[in-house]
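Pasted below: query-v1.csv, CSV, C-alpha atoms.
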```
chain,number,residue,atom,x,y,z
W,1,MET,CA,-5.4,5.3,-13.2
W,2,ALA,CA,-2.1,6.2,-11.6
W,3,LYS,CA,-0.5,4.1,-8.9
W,4,MET,CA,-2.0,4.6,-5.4
W,5,ASP,CA,-0.5,7.7,-3.7
W,6,SER,CA,-0.2,5.7,-0.5
W,7,ALA,CA,-0.9,2.2,0.8
W,8,ASN,CA,-2.8,4.0,3.6
W,9,ALA,CA,-5.6,5.2,1.4
W,10,PRO,CA,-9.0,3.8,2.5
W,11,LEU,CA,-10.3,0.9,0.4
W,12,THR,CA,-13.7,0.2,-1.0
W,13,PRO,CA,-15.5,-2.9,0.4
W,14,ALA,CA,-15.1,-4.8,-2.9
W,15,VAL,CA,-11.3,-4.1,-3.0
W,16,LEU,CA,-10.9,-5.1,0.7
W,17,HIS,CA,-12.7,-8.4,0.1
W,18,ILE,CA,-10.6,-9.2,-3.0
W,19,LEU,CA,-7.4,-8.3,-1.1
W,20,LEU,CA,-8.5,-10.6,1.7
W,21,ALA,CA,-9.3,-13.4,-0.7
W,22,LEU,CA,-5.8,-13.1,-2.3
W,23,SER,CA,-4.0,-12.8,1.0
W,24,THR,CA,-3.6,-16.5,1.5
W,25,GLN,CA,-2.9,-17.6,-2.0
W,26,GLU,CA,-3.1,-16.6,-5.7
W,27,ARG,CA,-6.5,-17.3,-7.2
W,28,HIS,CA,-8.3,-16.9,-10.6
W,29,GLY,CA,-11.5,-14.8,-10.9
W,30,TYR,CA,-14.0,-17.4,-10.0
W,31,GLY,CA,-11.8,-18.6,-7.1
W,32,VAL,CA,-11.8,-15.0,-5.8
W,33,MET,CA,-15.6,-14.8,-6.0
W,34,LYS,CA,-16.0,-18.1,-4.1
W,35,GLN,CA,-13.5,-17.0,-1.5
W,36,VAL,CA,-15.2,-13.7,-1.0
W,37,GLU,CA,-18.6,-15.4,-0.5
W,38,ALA,CA,-17.0,-17.9,1.9
W,39,ASP,CA,-15.2,-15.2,3.9
W,40,SER,CA,-18.4,-13.2,4.3
W,41,HIS,CA,-20.5,-16.2,5.1
W,42,GLY,CA,-22.5,-15.7,1.9
W,43,LYS,CA,-23.4,-12.1,2.7
W,44,VAL,CA,-21.3,-10.6,-0.1
W,45,LYS,CA,-22.1,-11.9,-3.6
W,46,MET,CA,-19.8,-10.3,-6.2
W,47,GLY,CA,-20.7,-10.6,-9.8
W,48,PRO,CA,-18.2,-10.6,-12.7
W,49,GLY,CA,-19.0,-6.9,-13.5
W,50,THR,CA,-17.9,-5.7,-10.0
W,51,LEU,CA,-15.1,-8.3,-9.7
W,52,TYR,CA,-13.3,-7.6,-12.9
W,53,GLY,CA,-13.9,-3.8,-12.7
W,54,SER,CA,-12.3,-3.8,-9.3
W,55,ILE,CA,-9.5,-6.1,-10.5
W,56,ALA,CA,-8.7,-3.7,-13.4
W,57,ARG,CA,-8.5,-0.7,-11.0
W,58,MET,CA,-6.4,-2.7,-8.5
W,59,ILE,CA,-3.9,-3.7,-11.2
W,60,GLU,CA,-3.6,-0.1,-12.3
W,61,ALA,CA,-3.2,1.0,-8.7
W,62,GLY,CA,-0.4,-1.6,-8.2
W,63,LEU,CA,-2.3,-3.6,-5.5
W,64,ILE,CA,-2.4,-6.9,-7.4
W,65,ARG,CA,-0.9,-8.3,-10.5
W,66,GLU,CA,-1.6,-11.1,-12.9
W,67,SER,CA,0.5,-14.2,-12.7
W,68,ASP,CA,0.9,-16.8,-15.5
W,69,LYS,CA,-2.1,-18.6,-16.9
W,70,LYS,CA,-2.5,-22.1,-15.5
W,71,THR,CA,-5.1,-24.8,-14.9
W,72,ASP,CA,-7.0,-25.3,-11.7
W,73,PRO,CA,-6.6,-28.9,-10.6
W,74,THR,CA,-10.0,-28.8,-8.9
W,75,MET,CA,-11.8,-27.7,-12.0
W,76,ASP,CA,-11.6,-28.4,-15.8
W,77,ASP,CA,-8.4,-28.2,-17.9
W,78,GLU,CA,-9.0,-24.7,-19.1
W,79,ARG,CA,-6.1,-22.4,-18.5
W,80,ARG,CA,-7.0,-19.4,-16.3
W,81,VAL,CA,-5.4,-16.1,-15.4
W,82,TYR,CA,-4.4,-16.0,-11.7
W,83,TYR,CA,-4.1,-12.9,-9.6
W,84,LYS,CA,-1.7,-12.3,-6.7
W,85,LEU,CA,-1.1,-9.5,-4.1
W,86,THR,CA,1.8,-7.2,-4.6
W,87,GLY,CA,3.9,-5.7,-1.7
W,88,LEU,CA,1.8,-2.5,-2.0
W,89,GLY,CA,-1.4,-4.6,-1.8
W,90,GLN,CA,-0.2,-6.3,1.3
W,91,GLU,CA,0.6,-2.9,2.9
W,92,ALA,CA,-2.9,-1.5,1.9
W,93,LEU,CA,-4.6,-4.6,3.3
W,94,ALA,CA,-2.7,-4.3,6.6
W,95,ALA,CA,-3.4,-0.6,6.9
W,96,GLU,CA,-7.1,-1.1,6.3
W,97,LEU,CA,-7.3,-3.9,8.8
W,98,ASP,CA,-5.6,-1.6,11.4
W,99,ARG,CA,-8.2,1.0,10.7
W,100,TYR,CA,-11.0,-1.6,11.3
W,101,ARG,CA,-9.3,-2.7,14.6
W,102,GLU,CA,-9.1,0.9,15.8
W,103,VAL,CA,-12.8,1.4,15.0
W,104,VAL,CA,-13.7,-1.8,16.8
W,105,ALA,CA,-11.6,-0.7,19.8
W,106,VAL,CA,-13.3,2.7,19.9
W,107,ALA,CA,-16.7,1.0,19.7
W,108,ARG,CA,-15.8,-1.4,22.6
W,109,ARG,CA,-14.7,1.5,24.8
W,110,LYS,CA,-17.9,3.4,24.1
W,111,THR,CA,-20.0,0.4,25.0
W,112,CYS,CA,-18.3,0.2,28.4
W,113,SER,CA,-18.5,3.9,29.1
W,114,PRO,CA,-21.6,5.0,31.1
W,115,GLY,CA,-24.0,7.5,29.6
W,116,THR,CA,-23.5,6.4,26.0
W,117,TYR,CA,-26.1,4.4,24.2
W,118,ALA,CA,-25.1,4.5,20.5
W,119,TYR,CA,-23.0,1.3,20.7
W,120,GLY,CA,-24.4,-0.2,23.8
W,121,MET,CA,-27.8,-1.3,22.3
E,122,MET,CA,-26.0,-23.4,-21.1
E,123,ALA,CA,-24.1,-22.8,-24.3
E,124,ARG,CA,-27.0,-20.4,-25.3
E,125,TYR,CA,-26.5,-18.4,-22.1
E,126,ARG,CA,-22.7,-18.3,-22.6
E,127,ASN,CA,-23.2,-17.0,-26.2
E,128,LEU,CA,-25.6,-14.3,-24.9
E,129,TYR,CA,-23.1,-13.3,-22.2
E,130,ALA,CA,-20.3,-13.2,-24.7
E,131,ARG,CA,-22.4,-10.8,-26.9
E,132,LEU,CA,-23.1,-8.6,-23.8
E,133,LEU,CA,-19.3,-8.4,-23.1
E,134,ARG,CA,-18.8,-6.8,-26.5
E,135,PHE,CA,-20.3,-3.6,-25.1
E,136,TYR,CA,-17.4,-3.1,-22.8
E,137,PRO,CA,-14.8,-0.4,-23.8
E,138,LYS,CA,-12.3,-2.0,-26.2
E,139,PRO,CA,-9.2,-2.0,-24.0
E,140,TYR,CA,-11.2,-3.5,-21.1
E,141,ARG,CA,-12.8,-6.1,-23.4
E,142,GLU,CA,-9.4,-7.2,-24.8
E,143,ARG,CA,-8.1,-7.7,-21.4
E,144,PHE,CA,-11.0,-9.4,-19.6
E,145,GLN,CA,-13.5,-10.8,-22.1
E,146,GLU,CA,-12.0,-14.4,-22.2
E,147,THR,CA,-11.6,-14.6,-18.4
E,148,MET,CA,-15.1,-13.2,-17.8
E,149,GLU,CA,-16.6,-15.7,-20.1
E,150,GLN,CA,-14.7,-18.4,-18.2
E,151,THR,CA,-16.0,-17.1,-14.9
E,152,PHE,CA,-19.6,-17.0,-16.2
E,153,ASN,CA,-19.2,-20.5,-17.4
E,154,ASP,CA,-17.8,-21.7,-14.0
E,155,ILE,CA,-20.7,-20.1,-12.1
E,156,CYS,CA,-23.4,-21.6,-14.3
E,157,ARG,CA,-21.7,-25.0,-14.4
E,158,GLU,CA,-21.5,-25.2,-10.6
E,159,ARG,CA,-25.2,-24.2,-10.3
E,160,ALA,CA,-26.2,-26.8,-12.9
E,161,ALA,CA,-24.1,-29.5,-11.2
E,162,ALA,CA,-26.1,-28.7,-8.0
E,163,GLY,CA,-29.2,-29.5,-9.9
E,164,ARG,CA,-30.6,-26.0,-9.8
E,165,GLY,CA,-31.9,-23.9,-12.6
E,166,ILE,CA,-29.7,-21.3,-14.2
E,167,LEU,CA,-32.1,-18.9,-15.8
E,168,GLY,CA,-32.4,-16.6,-12.8
E,169,LEU,CA,-28.7,-16.7,-12.2
E,170,ALA,CA,-27.9,-15.9,-15.8
E,171,VAL,CA,-30.3,-12.9,-15.7
E,172,TRP,CA,-28.7,-11.6,-12.5
E,173,LEU,CA,-25.2,-12.0,-14.0
E,174,CYS,CA,-26.2,-10.2,-17.2
E,175,ALA,CA,-27.8,-7.4,-15.2
E,176,GLU,CA,-24.8,-7.1,-12.9
E,177,THR,CA,-22.4,-7.1,-15.9
E,178,ALA,CA,-24.5,-4.5,-17.7
E,179,GLU,CA,-24.1,-2.2,-14.7
E,180,GLY,CA,-20.3,-2.8,-14.9
E,181,ILE,CA,-20.3,-2.0,-18.6
E,182,MET,CA,-22.0,1.4,-17.9
E,183,ARG,CA,-19.5,2.0,-15.0
E,184,GLU,CA,-16.5,1.3,-17.3
E,185,HIS,CA,-17.8,3.6,-20.0
E,186,VAL,CA,-18.3,6.4,-17.5
E,187,GLU,CA,-14.8,5.8,-16.1
E,188,ALA,CA,-13.3,5.7,-19.6
E,189,VAL,CA,-15.0,9.0,-20.6
E,190,THR,CA,-14.0,10.6,-17.3
E,191,MET,CA,-10.4,9.5,-17.6
E,192,ARG,CA,-10.2,10.7,-21.2
E,193,ASN,CA,-11.5,14.1,-20.4
E,194,LYS,CA,-10.1,14.4,-16.9
E,195,GLY,CA,-8.8,17.9,-17.4
E,196,ILE,CA,-12.1,19.2,-18.8
E,197,VAL,CA,-14.1,17.6,-16.0
E,198,ARG,CA,-11.8,19.1,-13.4
E,199,ALA,CA,-11.9,22.5,-15.1
E,200,ALA,CA,-15.7,22.3,-15.3
E,201,LEU,CA,-16.0,21.4,-11.6
E,202,VAL,CA,-13.7,24.3,-10.6
E,203,THR,CA,-15.8,26.7,-12.7
E,204,ALA,CA,-19.0,25.4,-11.2
E,205,GLY,CA,-17.5,25.8,-7.7
E,206,ILE,CA,-16.4,29.3,-8.2
E,207,LEU,CA,-19.6,30.4,-9.9
E,208,LEU,CA,-21.4,29.4,-6.7
E,209,ILE,CA,-20.0,32.6,-5.1
E,210,PRO,CA,-21.8,35.1,-7.4
E,211,LEU,CA,-24.8,32.8,-7.3
E,212,TRP,CA,-24.8,33.0,-3.5
E,213,GLY,CA,-24.3,36.8,-3.8
E,214,ASN,CA,-27.2,37.2,-6.2
E,215,THR,CA,-29.4,35.3,-3.9
E,216,TYR,CA,-28.5,36.7,-0.5
E,217,VAL,CA,-26.5,40.0,-0.9
E,218,ASP,CA,-28.4,43.2,-1.5
E,219,GLY,CA,-27.2,45.1,-4.6
E,220,TRP,CA,-25.4,42.1,-6.0
E,221,ASN,CA,-27.3,41.6,-9.3
E,222,TRP,CA,-25.4,39.7,-12.0
E,223,HIS,CA,-27.2,39.2,-15.3
E,224,TRP,CA,-27.1,35.8,-16.9
E,225,TYR,CA,-24.6,37.0,-19.5
E,226,SER,CA,-22.2,37.9,-16.6
E,227,PHE,CA,-22.4,34.3,-15.4
E,228,VAL,CA,-21.6,33.1,-19.0
E,229,LEU,CA,-18.7,35.5,-19.3
E,230,ALA,CA,-17.3,34.5,-15.8
E,231,ALA,CA,-17.8,30.8,-16.6
E,232,ALA,CA,-15.9,31.3,-19.9
E,233,PHE,CA,-13.0,33.1,-18.1
E,234,VAL,CA,-12.7,30.7,-15.2
E,235,PHE,CA,-13.1,27.6,-17.4
E,236,SER,CA,-10.4,28.9,-19.8
E,237,ALA,CA,-8.0,29.6,-16.9
E,238,ALA,CA,-8.7,26.2,-15.2
E,239,LEU,CA,-8.3,24.3,-18.5
E,240,THR,CA,-5.1,26.2,-19.3
E,241,TYR,CA,-3.7,25.1,-16.0
E,242,GLN,CA,-4.8,21.5,-16.5
E,243,LEU,CA,-3.3,21.3,-20.0
E,244,VAL,CA,0.0,22.9,-19.0
E,245,VAL,CA,0.6,20.8,-15.9
E,246,LYS,CA,-0.6,17.5,-17.5
E,247,GLY,CA,1.8,14.8,-16.7
E,248,MET,CA,4.0,17.1,-14.7
E,249,SER,CA,4.7,16.0,-11.1
E,250,ASN,CA,7.2,18.7,-10.1
E,251,LYS,CA,5.4,20.7,-7.4
E,252,ALA,CA,7.4,23.9,-8.0
E,253,TYR,CA,6.4,23.8,-11.7
E,254,ARG,CA,2.7,23.2,-10.9
E,255,SER,CA,2.7,26.0,-8.3
E,256,ALA,CA,4.4,28.4,-10.7
E,257,VAL,CA,1.8,27.6,-13.5
E,258,GLY,CA,-1.0,28.0,-11.0
E,259,LEU,CA,0.3,31.4,-9.7
E,260,ALA,CA,0.8,32.7,-13.3
E,261,VAL,CA,-2.6,31.6,-14.4
E,262,VAL,CA,-4.4,33.1,-11.4
E,263,ALA,CA,-2.4,36.4,-11.8
E,264,ALA,CA,-3.2,36.5,-15.6
E,265,PHE,CA,-6.8,35.6,-14.9
E,266,ALA,CA,-7.2,38.3,-12.2
E,267,LEU,CA,-5.5,40.9,-14.4
E,268,THR,CA,-7.6,40.2,-17.4
E,269,TRP,CA,-10.9,39.9,-15.5
E,270,GLY,CA,-10.1,43.0,-13.4
E,271,ASN,CA,-9.1,45.3,-16.3
E,272,ARG,CA,-11.0,44.0,-19.3
E,273,VAL,CA,-14.3,43.3,-17.7
E,274,LEU,CA,-14.5,45.5,-14.6
E,275,ALA,CA,-12.4,48.6,-15.4
E,276,ALA,CA,-12.1,48.9,-19.2
E,277,ASP,CA,-15.3,50.9,-19.3
E,278,GLU,CA,-13.8,53.5,-16.9
E,279,ASN,CA,-10.6,54.1,-18.8
E,280,PRO,CA,-9.6,52.7,-22.2
E,281,ALA,CA,-5.9,52.8,-21.0
E,282,ASN,CA,-6.7,49.7,-19.0
E,283,LEU,CA,-6.9,47.8,-22.2
E,284,MET,CA,-3.1,48.0,-22.3
E,285,TYR,CA,-2.9,45.3,-19.7
E,286,VAL,CA,-4.0,42.8,-22.3
E,287,GLY,CA,-0.5,43.4,-23.6
E,288,VAL,CA,1.0,42.1,-20.4
E,289,VAL,CA,-0.9,38.8,-20.8
E,290,VAL,CA,0.0,38.6,-24.5
E,291,ILE,CA,3.7,39.0,-23.6
E,292,GLY,CA,3.3,36.0,-21.2
E,293,VAL,CA,1.5,33.9,-23.8
E,294,ILE,CA,4.1,34.6,-26.5
E,295,GLY,CA,6.9,33.9,-24.0
E,296,ALA,CA,5.3,30.6,-23.0
E,297,ALA,CA,5.0,29.6,-26.7
E,298,ILE,CA,8.6,30.5,-27.4
E,299,SER,CA,9.9,28.7,-24.4
E,300,ARG,CA,7.6,25.7,-25.1
E,301,LEU,CA,6.6,25.8,-21.5
E,302,ARG,CA,10.1,24.7,-20.3
E,303,ALA,CA,10.8,25.8,-16.8
E,304,ARG,CA,13.9,27.9,-17.5
E,305,GLY,CA,12.3,29.8,-20.4
E,306,MET,CA,9.1,30.3,-18.4
E,307,ALA,CA,11.1,31.8,-15.5
E,308,ARG,CA,12.5,34.4,-18.0
E,309,THR,CA,9.1,35.0,-19.5
E,310,LEU,CA,7.5,35.7,-16.1
E,311,PHE,CA,10.3,38.1,-15.2
E,312,VAL,CA,9.7,40.0,-18.4
E,313,THR,CA,6.0,39.9,-17.8
E,314,ALA,CA,6.5,41.4,-14.3
E,315,VAL,CA,8.6,44.2,-15.9
E,316,ALA,CA,5.9,44.9,-18.5
E,317,GLN,CA,3.4,45.0,-15.7
E,318,MET,CA,5.3,47.7,-13.9
E,319,LEU,CA,5.9,49.7,-17.1
E,320,MET,CA,2.1,49.9,-17.9
E,321,PRO,CA,1.2,52.6,-15.4
E,322,ILE,CA,4.4,54.6,-16.4
E,323,ILE,CA,3.4,54.4,-20.0
E,324,ALA,CA,-0.2,55.4,-19.2
E,325,LEU,CA,1.0,58.4,-17.1
E,326,VAL,CA,3.9,59.6,-19.2
E,327,PHE,CA,3.1,58.7,-22.8
E,328,TRP,CA,-0.7,58.2,-22.8
E,329,LYS,CA,-1.1,61.5,-20.8
E,330,THR,CA,-3.7,59.8,-18.7
E,331,ASN,CA,-5.2,62.3,-16.2
E,332,LEU,CA,-4.7,60.7,-12.9
E,333,ALA,CA,-4.6,62.5,-9.6
E,334,LEU,CA,-1.8,61.7,-7.2
E,335,GLY,CA,-4.3,60.2,-4.8
E,336,ARG,CA,-5.3,57.6,-7.4
E,337,ALA,CA,-1.9,57.1,-8.9
E,338,VAL,CA,-0.4,55.6,-5.8
E,339,PRO,CA,-3.0,52.8,-5.4
E,340,VAL,CA,-2.8,52.1,-9.2
E,341,ILE,CA,1.0,51.7,-9.0
E,342,GLY,CA,0.6,49.6,-5.8
E,343,LEU,CA,-1.9,47.3,-7.6
E,344,ASN,CA,0.5,46.9,-10.5
E,345,GLY,CA,3.3,46.2,-8.0
E,346,LEU,CA,1.1,43.4,-6.5
E,347,PHE,CA,0.6,41.8,-9.9
E,348,ALA,CA,4.3,42.2,-10.7
E,349,MET,CA,5.1,40.4,-7.4
E,350,LEU,CA,2.8,37.5,-8.3
E,351,PHE,CA,4.6,37.2,-11.7
E,352,VAL,CA,8.0,37.4,-10.0
E,353,ALA,CA,7.0,34.8,-7.5
E,354,SER,CA,5.9,32.5,-10.3
E,355,ALA,CA,9.2,33.2,-12.1
E,356,PHE,CA,11.1,32.1,-9.0
E,357,LEU,CA,9.1,28.9,-8.7
E,358,PHE,CA,9.8,28.2,-12.4
E,359,HIS,CA,13.5,28.9,-11.7
E,360,ARG,CA,13.4,26.4,-8.8
E,361,ALA,CA,11.6,23.8,-10.9
E,362,ALA,CA,14.3,24.2,-13.6
E,363,ARG,CA,17.0,23.6,-11.0
E,364,THR,CA,15.4,20.6,-9.4
E,365,HIS,CA,14.8,19.1,-12.9
E,366,THR,CA,18.4,19.4,-14.0
```
Any chance you could put this one into structure tokens?
Amino acid sequence: MAKMDSANAPLTPAVLHILLALSTQERHGYGVMKQVEADSHGKVKMGPGTLYGSIARMIEAGLIRESDKKTDPTMDDERRVYYKLTGLGQEALAAELDRYREVVAVARRKTCSPGTYAYGM
Amino acid sequence: MARYRNLYARLLRFYPKPYRERFQETMEQTFNDICRERAAAGRGILGLAVWLCAETAEGIMREHVEAVTMRNKGIVRAALVTAGILLIPLWGNTYVDGWNWHWYSFVLAAAFVFSAALTYQLVVKGMSNKAYRSAVGLAVVAAFALTWGNRVLAADENPANLMYVGVVVIGVIGAAISRLRARGMARTLFVTAVAQMLMPIIALVFWKTNLALGRAVPVIGLNGLFAMLFVASAFLFHRAARTHT
């Protein structure tokens, strides 16, 4: 897969959750899974098949990259691959969050506007 | 738990090789982490292991589809373009009175369109220069329209139309000699345009084709249109050569 044409391209839910999980610090795969589950209050459970498939595509797209292998002090002494956001990944996350904010703003306006019911229920 | 981990490791062998080489170890680690945490919480891991294996099996299928699609990207795109274009005669057959293509017309059209689309895909593969890509697209569309129009639609009316195959052959030979380089392709397309304009003259003067003046004008006009397409393609190739150097 080629690098992303633009950091403004819409993201899949899995990619958005992974970017969010990596936005505060670099994490290994299991750390990402746990963070995604915590961020979504247990609503999103990501298995290894989805997680590493997404990670592979995100690395190819230049959104994240592998950092050196290291041990996790909270776990065993196995060395793990950590992942971190790239500049492009940060831009993509910011652009996606802006889109969400706009959608929420539109939804709020529609709720207040008389005669509409779609968002006011 | 070791038994589940072994089973999971075996499952991971079904991933495409490049993916497996990159992620097998870390996926096994993750599987182990998840199961260990569950076991530490005093909960059974059979159901979890089954879910993880099923989810990973789905990922394996997805990666194989992705690998095949990426490997044959050009073919897949050409097939999609062909299918899209063939919807037009299919729509015509269904809704337009008098439009009655036989199945072999669909096969022939599919072969033509697919060849043209695949040619475009193969020539522009890995080429990011927009002028070059547009030039190839224009040349392929013009050659396709010329071949389809004369060989399939009009050849039965007048065998002299078969001469137009020569125009396309000139283009193909020129492309081979220039090895698809922009500068050589620009010259090739100019020569092709000249050949295109010579065809009606050859037909009228040397072939002694009986053509009334009323029909000669639109024939020359149509040739001029194709020649202009080839010239436009040549200019785009010329621009691509300039921006490249």
Residues of chain E within 9 Å of chain W, counting only C-alpha atoms - could you list those as number ranges by chain? E: 140, 143-144, 147-148, 150-152, 154-155, 172-181, 183-184, 191
Written file, previous selection with C-alpha atoms, as a PDB file, in the coordinates of the input:
```pdb
ATOM      1  CA  TYR E 140     -11.200  -3.500 -21.100  1.00  0.00           C
ATOM      2  CA  ARG E 143      -8.100  -7.700 -21.400  1.00  0.00           C
ATOM      3  CA  PHE E 144     -11.000  -9.400 -19.600  1.00  0.00           C
ATOM      4  CA  THR E 147     -11.600 -14.600 -18.400  1.00  0.00           C
ATOM      5  CA  MET E 148     -15.100 -13.200 -17.800  1.00  0.00           C
ATOM      6  CA  GLN E 150     -14.700 -18.400 -18.200  1.00  0.00           C
ATOM      7  CA  THR E 151     -16.000 -17.100 -14.900  1.00  0.00           C
ATOM      8  CA  PHE E 152     -19.600 -17.000 -16.200  1.00  0.00           C
ATOM      9  CA  ASP E 154     -17.800 -21.700 -14.000  1.00  0.00           C
ATOM     10  CA  ILE E 155     -20.700 -20.100 -12.100  1.00  0.00           C
ATOM     11  CA  TRP E 172     -28.700 -11.600 -12.500  1.00  0.00           C
ATOM     12  CA  LEU E 173     -25.200 -12.000 -14.000  1.00  0.00           C
ATOM     13  CA  CYS E 174     -26.200 -10.200 -17.200  1.00  0.00           C
ATOM     14  CA  ALA E 175     -27.800  -7.400 -15.200  1.00  0.00           C
ATOM     15  CA  GLU E 176     -24.800  -7.100 -12.900  1.00  0.00           C
ATOM     16  CA  THR E 177     -22.400  -7.100 -15.900  1.00  0.00           C
ATOM     17  CA  ALA E 178     -24.500  -4.500 -17.700  1.00  0.00           C
ATOM     18  CA  GLU E 179     -24.100  -2.200 -14.700  1.00  0.00           C
ATOM     19  CA  GLY E 180     -20.300  -2.800 -14.900  1.00  0.00           C
ATOM     20  CA  ILE E 181     -20.300  -2.000 -18.600  1.00  0.00           C
ATOM     21  CA  ARG E 183     -19.500   2.000 -15.000  1.00  0.00           C
ATOM     22  CA  GLU E 184     -16.500   1.300 -17.300  1.00  0.00           C
ATOM     23  CA  MET E 191     -10.400   9.500 -17.600  1.00  0.00           C
TER      24      MET E 191
END
```
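Between E:Val245 and the residues E:Gly195, E:Gly270, E:Gly205, E:Gly345, the shortest atom-to-atom distance, using all atoms listed in the file, involves E:Gly195.
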Taking only C-alpha atoms into account, name the residue in W:Asp77, W:Glu60, W:Leu19, W:Glu102 that is nearest to W:Val36. W:Leu19
Contact residues around stretch 312-324 of chain E with only C-alpha atoms at 8 Å, ignoring same-chain residues under 6 positions, as a list in words: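 Neighbouring residues, sequence-local ones excluded: Ala281, Met284, Tyr285, Val288, Val289, Ile291, Gly292, Thr330, Val340, Ile341, Asn344, Gly345, Phe347, Ala348, Met349, Phe351 and Val352 of chain E.
Across W:Thr71, W:Thr86, W:Leu93, W:Arg99, the tightest approach to W:Val15 is made by W:Leu93 when counting only C-alpha atoms.
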Between atom CA of E:Asp218 and atom CA of E:Ala204, what is the distance in Å, rounded to a tenth?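 Atom-to-atom, atom CA of E:Asp218 to atom CA of E:Ala204, that is 22.3 Å.
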For E:Thr203: contacts at 8 Å, only C-alpha atoms, fewer than 4 positions along chain excluded, given as a ChimeraX atom specification: /E:199,207,231,234-235,238
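The space between atom CA of W:Lys84 and atom CA of W:Ile64 spans 5.5 Å.
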Just give me the gap between atom CA of E:Val217 and atom CA of E:Ala230 in Å, one decimal is fine. 18.4 Å
Which residue out of W:Arg27, W:Pro13, W:Ser67, W:Asp72 has the minimum interatomic distance to W:Val44 when only C-alpha atoms are used? W:Pro13
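Using all atoms listed in the file, the residues found no farther than 10 Å from E:Tyr125, other than those of its own chain fewer than 3 positions away, are Met122, Leu128, Tyr129, Ala130, Arg131, Phe152, Asn153, Cys156, Ile166, Leu167, Ala170, Val171 and Cys174 of chain E.
If you measure from each of W:Thr24, W:Gly62, W:Val106, W:Lys45 to W:Leu88 using all atoms listed in the file, the closest one turns out to be W:Gly62.
Among the candidate residues E:Glu146, E:Phe265, E:Val326, E:Ser255, the one lying nearest to E:Ala355 is E:Ser255, with distances computed using all atoms listed in the file.
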